[in-house]
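Text of target-v8.cif, listed as mmCIF, C-alpha atoms:
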data_protein
loop_
_atom_site.label_atom_id
_atom_site.label_comp_id
_atom_site.auth_asym_id
_atom_site.auth_seq_id
_atom_site.Cartn_x
_atom_site.Cartn_y
_atom_site.Cartn_z
CA MET A 1 159.52 103.06 102.02
CA ALA A 2 161.64 100.26 100.74
CA ASN A 3 165.35 100.26 101.20
CA TYR A 4 167.36 100.55 97.94
CA LYS A 5 169.56 97.71 99.08
CA ASP A 6 166.54 95.43 99.50
CA ILE A 7 165.23 96.40 96.05
CA LEU A 8 168.59 95.71 94.45
CA ASN A 9 168.95 92.37 96.22
CA GLY A 10 165.43 91.38 95.16
CA THR A 11 166.16 92.26 91.53
CA LEU A 12 169.40 90.26 91.57
CA ARG A 13 167.58 87.27 93.13
CA ASN A 14 164.92 87.44 90.40
CA LEU A 15 167.56 87.56 87.67
CA SER A 16 169.42 84.67 89.27
CA ASP A 17 166.23 82.61 89.47
CA LYS A 18 165.45 83.34 85.78
CA ALA A 19 168.99 82.31 84.74
CA LYS A 20 168.65 79.05 86.68
CA GLU A 21 165.29 78.34 85.04
CA LEU A 22 166.73 78.91 81.57
CA GLY A 23 169.76 76.76 82.32
CA GLU A 24 167.67 73.94 83.77
CA ALA A 25 165.19 74.05 80.90
CA GLY A 26 167.99 73.82 78.35
CA GLY A 27 167.19 77.28 77.02
CA VAL A 28 170.73 78.59 77.16
CA LYS A 29 172.19 75.43 75.65
CA GLU A 30 169.55 75.42 72.91
CA LEU A 31 170.17 79.09 72.20
CA TYR A 32 173.93 78.47 72.02
CA THR A 33 173.45 75.46 69.72
CA ARG A 34 171.23 77.42 67.35
CA GLY A 35 173.74 80.29 67.30
CA ALA A 36 176.62 77.93 66.58
CA GLU A 37 174.70 76.27 63.75
CA ARG A 38 173.85 79.66 62.29
CA ALA A 39 177.50 80.72 62.46
CA LYS A 40 178.52 77.52 60.66
CA SER A 41 175.90 78.19 58.01
CA TYR A 42 177.20 81.74 57.47
CA ALA A 43 180.77 80.44 57.19
CA ARG A 44 179.66 77.83 54.64
CA ALA A 45 177.76 80.48 52.67
CA ALA A 46 180.88 82.68 52.62
CA LYS A 47 183.01 79.76 51.37
CA LEU A 48 180.44 78.96 48.69
CA SER A 49 180.39 82.61 47.60
CA LEU A 50 184.17 82.59 47.21
CA ALA A 51 183.98 79.34 45.25
CA ILE A 52 181.26 80.79 43.01
CA ASN A 53 183.39 83.88 42.32
CA GLY A 54 186.40 81.70 41.50
CA ASP A 55 184.38 79.48 39.17
CA ALA A 56 182.80 82.52 37.49
CA GLU A 57 186.27 84.01 36.89
CA GLU A 58 187.50 80.70 35.48
CA LEU A 59 184.46 80.53 33.17
CA ARG A 60 185.12 84.12 32.01
CA LYS A 61 188.69 83.12 31.12
CA VAL A 62 187.47 80.06 29.20
CA TYR A 63 184.96 82.19 27.27
CA ALA A 64 187.72 84.71 26.50
CA GLU A 65 189.99 81.93 25.23
CA ILE A 66 187.18 80.54 23.05
CA GLY A 67 186.63 84.02 21.60
CA LYS A 68 190.34 84.52 21.03
CA LEU A 69 190.68 81.19 19.23
CA TYR A 70 187.62 81.88 17.09
CA PHE A 71 188.98 85.32 16.22
CA GLU A 72 192.39 83.92 15.26
CA GLN A 73 190.85 81.17 13.12
CA ASN A 74 188.33 83.43 11.36
CA GLU A 75 190.21 86.74 11.24
CA ALA A 76 190.28 86.84 7.43
CA ALA A 77 186.59 86.06 6.94
CA PRO A 78 184.41 86.70 9.97
CA GLY A 79 180.76 85.80 9.72
CA ALA A 80 178.24 88.61 9.36
CA LEU A 81 177.28 88.26 13.01
CA TYR A 82 180.90 88.87 14.10
CA ALA A 83 182.05 91.43 11.51
CA GLY A 84 181.43 94.42 13.80
CA LEU A 85 183.21 92.83 16.74
CA PHE A 86 186.15 91.82 14.55
CA ALA A 87 186.44 95.41 13.27
CA GLN A 88 186.36 96.69 16.84
CA ALA A 89 189.07 94.20 17.84
CA GLU A 90 191.25 95.31 14.92
CA GLU A 91 190.82 98.97 15.89
CA ILE A 92 191.87 98.21 19.46
CA ARG A 93 194.86 96.17 18.25
CA GLY A 94 195.91 99.15 16.12
CA ARG A 95 195.70 101.49 19.13
CA LEU A 96 197.78 99.04 21.16
CA LYS A 97 200.48 98.90 18.47
CA ASP A 98 200.56 102.72 18.26
CA LYS A 99 200.98 103.06 22.02
CA GLU A 100 203.64 100.34 22.14
CA GLY A 101 205.51 102.15 19.34
CA GLU A 102 205.32 105.42 21.26
CA ILE A 103 206.75 103.74 24.37
CA ARG A 104 209.51 102.13 22.29
CA ALA A 105 210.43 105.53 20.82
CA MET A 106 210.55 107.08 24.31
CA ARG A 107 212.82 104.31 25.57
CA GLU A 108 215.14 104.71 22.61
CA SER A 109 215.26 108.45 23.26
CA PHE A 110 216.02 107.89 26.95
CA ASP A 111 218.68 105.32 26.08
CA ALA A 112 220.30 107.73 23.61
CA GLU A 113 220.32 110.52 26.21
CA GLN A 114 221.83 108.19 28.80
CA ALA A 115 224.51 106.99 26.39
CA GLU A 116 225.34 110.60 25.57
CA LYS A 117 225.70 111.45 29.27
CA ASN A 118 227.78 108.34 29.95
CA GLY A 119 230.03 109.16 26.97
CA ASP A 120 231.20 112.31 28.74
CA ILE A 121 232.55 110.31 31.65
CA GLU A 122 235.52 108.08 31.10
CA VAL A 123 236.07 105.48 33.74
CA GLU A 124 238.99 103.11 33.87
CA ILE A 125 238.81 100.07 36.01
CA GLY A 126 242.09 98.36 36.68
CA ASP A 127 242.75 94.70 36.89
CA PHE A 128 241.28 93.16 40.02
CA GLU A 129 244.65 91.80 41.16
CA ASP A 130 246.27 95.24 40.75
CA ILE A 131 243.60 96.83 42.92
CA VAL A 132 243.91 94.17 45.62
CA ASN A 133 247.70 94.40 45.62
CA ALA A 134 247.64 98.18 45.81
CA THR A 135 245.23 98.02 48.75
CA GLU A 136 247.46 95.50 50.54
CA SER A 137 250.47 97.72 50.00
CA ASP A 138 248.64 100.76 51.35
CA GLY A 139 247.58 98.77 54.39
CA ARG A 140 251.12 97.76 55.18
CA GLY A 141 252.45 101.28 54.81
CA GLN A 142 254.73 100.36 51.93
#
Would you encode the structure as structure tokens?
Amino acid sequence: MANYKDILNGTLRNLSDKAKELGEAGGVKELYTRGAERAKSYARAAKLSLAINGDAEELRKVYAEIGKLYFEQNEAAPGALYAGLFAQAEEIRGRLKDKEGEIRAMRESFDAEQAEKNGDIEVEIGDFEDIVNATESDGRGQ
């Protein structure tokens, strides 16, 4: 029966020999080089994806600006192809105005309530020099 220690030593020697063979044959270096190249490729692909997203967003903004300019220039007489979209835009603009008016009314109400509350409190602030002089006098015990 073989000794466990001998089996373990034999296994370690075999692994060591295999590692030396790979190192001498350039296997490890080649494997590392391929891995590094792949990592660089993935990094480049990620950068390109970010650039694509940025360019796509910029293009979306340009298209939106073109549409906005066309709408502003042809608001009174849209072509048949655009009549439905113009009507939809007008409906949305109306909803926006209604909501902005509601917010404005709320603010005015809040401002009126605040002014009413502040009207109950009368505060007098003296002249700056009077306050400083009074503080100096109190500090001196006069």
Item to check | Residue IDs satisfying the PyMOL selection byres ((chain A and resi 69-72) around 12), as a list in words | outcome: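 Taken over the shown coordinates, the PyMOL selection byres ((chain A and resi 69-72) around 12) returns Val62, Tyr63, Ala64, Glu65, Ile66, Gly67, Lys68, Gln73, Asn74, Glu75, Ala76, Ala77, Pro78, Gly79, Tyr82, Ala83, Leu85, Phe86, Ala87, Gln88, Ala89 and Glu90 of chain A.
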Hey, can I get the axis-aligned box for range 1-12 of chain A? All listed atoms, 8 Å padding on each side, centre and edge lengths in Å to one decimal, as AutoDock Vina command-line options.
--center_x 164.5 --center_y 96.7 --center_z 96.8 --size_x 26.0 --size_y 28.8 --size_z 26.5
Checklist entry - Could you work out how far CA of Lys61 in chain A lies from CA of Lys97 in chain A, giving the answer in Å with one decimal? => result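 Result for CA of Lys97 in chain A versus CA of Lys61 in chain A: 23.4 Å, one decimal.
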Next on the checklist: Can you measure CA of Ser49 in chain A to CA of Glu37 in chain A for me? One decimal in Å is fine.
Outcome noted: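 Straight-line distance from CA of Ser49 in chain A to CA of Glu37 in chain A works out to 18.3 Å.
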Next on the checklist: What's the separation between CA of Leu48 in chain A and CA of Leu31 in chain A, in Å to one decimal place?
Outcome noted: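 Those two atoms sit 25.7 Å apart.
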Produce range 30-41 of chain A of the given structure as output with all heavy atoms, as a short mmCIF file (atom, residue, chain, number, x, y, z; two decimals), in the first residue's frame.
data_model
loop_
_atom_site.label_atom_id
_atom_site.label_comp_id
_atom_site.auth_asym_id
_atom_site.auth_seq_id
_atom_site.Cartn_x
_atom_site.Cartn_y
_atom_site.Cartn_z
N GLU A 30 1.47 32.86 -23.89
CA GLU A 30 0.50 32.97 -24.99
C GLU A 30 -0.92 33.13 -24.44
O GLU A 30 -1.69 33.96 -24.92
CB GLU A 30 0.59 31.73 -25.88
CG GLU A 30 -0.31 31.79 -27.09
CD GLU A 30 -0.18 30.53 -27.93
OE1 GLU A 30 0.95 30.09 -28.17
OE2 GLU A 30 -1.24 30.01 -28.32
N LEU A 31 -1.22 32.34 -23.43
CA LEU A 31 -2.54 32.42 -22.80
C LEU A 31 -2.76 33.80 -22.19
O LEU A 31 -3.82 34.40 -22.36
CB LEU A 31 -2.68 31.33 -21.73
CG LEU A 31 -4.02 31.22 -21.03
CD1 LEU A 31 -5.11 30.84 -22.04
CD2 LEU A 31 -3.94 30.18 -19.93
N TYR A 32 -1.75 34.34 -21.51
CA TYR A 32 -1.84 35.66 -20.92
C TYR A 32 -2.02 36.72 -22.00
O TYR A 32 -2.84 37.62 -21.87
CB TYR A 32 -0.57 35.96 -20.10
CG TYR A 32 -0.52 37.38 -19.61
CD1 TYR A 32 -1.26 37.79 -18.50
CD2 TYR A 32 0.24 38.33 -20.28
CE1 TYR A 32 -1.23 39.10 -18.07
CE2 TYR A 32 0.28 39.65 -19.86
CZ TYR A 32 -0.45 40.03 -18.75
OH TYR A 32 -0.42 41.33 -18.32
N THR A 33 -1.26 36.62 -23.08
CA THR A 33 -1.34 37.59 -24.17
C THR A 33 -2.73 37.60 -24.79
O THR A 33 -3.31 38.66 -25.03
CB THR A 33 -0.27 37.29 -25.24
OG1 THR A 33 1.02 37.31 -24.62
CG2 THR A 33 -0.31 38.31 -26.36
N ARG A 34 -3.26 36.40 -25.04
CA ARG A 34 -4.62 36.33 -25.61
C ARG A 34 -5.64 36.92 -24.65
O ARG A 34 -6.56 37.63 -25.06
CB ARG A 34 -4.98 34.88 -25.94
CG ARG A 34 -4.35 34.38 -27.20
CD ARG A 34 -4.93 33.07 -27.60
NE ARG A 34 -4.90 32.14 -26.46
CZ ARG A 34 -4.99 30.83 -26.55
NH1 ARG A 34 -5.12 30.26 -27.71
NH2 ARG A 34 -4.96 30.08 -25.48
N GLY A 35 -5.50 36.65 -23.36
CA GLY A 35 -6.43 37.21 -22.37
C GLY A 35 -6.35 38.71 -22.31
O GLY A 35 -7.37 39.41 -22.23
N ALA A 36 -5.13 39.24 -22.37
CA ALA A 36 -4.95 40.70 -22.34
C ALA A 36 -5.56 41.34 -23.58
O ALA A 36 -6.21 42.39 -23.50
CB ALA A 36 -3.47 41.04 -22.23
N GLU A 37 -5.35 40.73 -24.74
CA GLU A 37 -5.93 41.27 -25.97
C GLU A 37 -7.46 41.24 -25.92
O GLU A 37 -8.13 42.17 -26.36
CB GLU A 37 -5.43 40.46 -27.17
CG GLU A 37 -3.97 40.75 -27.50
CD GLU A 37 -3.42 39.84 -28.59
OE1 GLU A 37 -4.19 39.02 -29.16
OE2 GLU A 37 -2.21 39.94 -28.86
N ARG A 38 -7.99 40.17 -25.37
CA ARG A 38 -9.45 40.06 -25.25
C ARG A 38 -9.98 41.14 -24.30
O ARG A 38 -11.00 41.76 -24.57
CB ARG A 38 -9.85 38.68 -24.76
CG ARG A 38 -11.36 38.50 -24.71
CD ARG A 38 -11.77 37.11 -24.44
NE ARG A 38 -11.49 36.34 -25.65
CZ ARG A 38 -11.55 35.04 -25.72
NH1 ARG A 38 -11.85 34.34 -24.65
NH2 ARG A 38 -11.29 34.41 -26.83
N ALA A 39 -9.28 41.37 -23.20
CA ALA A 39 -9.70 42.40 -22.25
C ALA A 39 -9.68 43.78 -22.92
O ALA A 39 -10.59 44.59 -22.73
CB ALA A 39 -8.81 42.39 -21.01
N LYS A 40 -8.65 44.04 -23.72
CA LYS A 40 -8.57 45.32 -24.43
C LYS A 40 -9.73 45.45 -25.42
O LYS A 40 -10.31 46.52 -25.57
CB LYS A 40 -7.24 45.44 -25.18
CG LYS A 40 -6.06 45.69 -24.28
CD LYS A 40 -4.77 45.76 -25.09
CE LYS A 40 -3.55 45.87 -24.21
NZ LYS A 40 -2.31 45.86 -24.99
N SER A 41 -10.05 44.34 -26.08
CA SER A 41 -11.17 44.37 -27.03
C SER A 41 -12.49 44.66 -26.32
O SER A 41 -13.31 45.43 -26.81
CB SER A 41 -11.27 43.03 -27.77
OG SER A 41 -10.14 42.83 -28.58
#
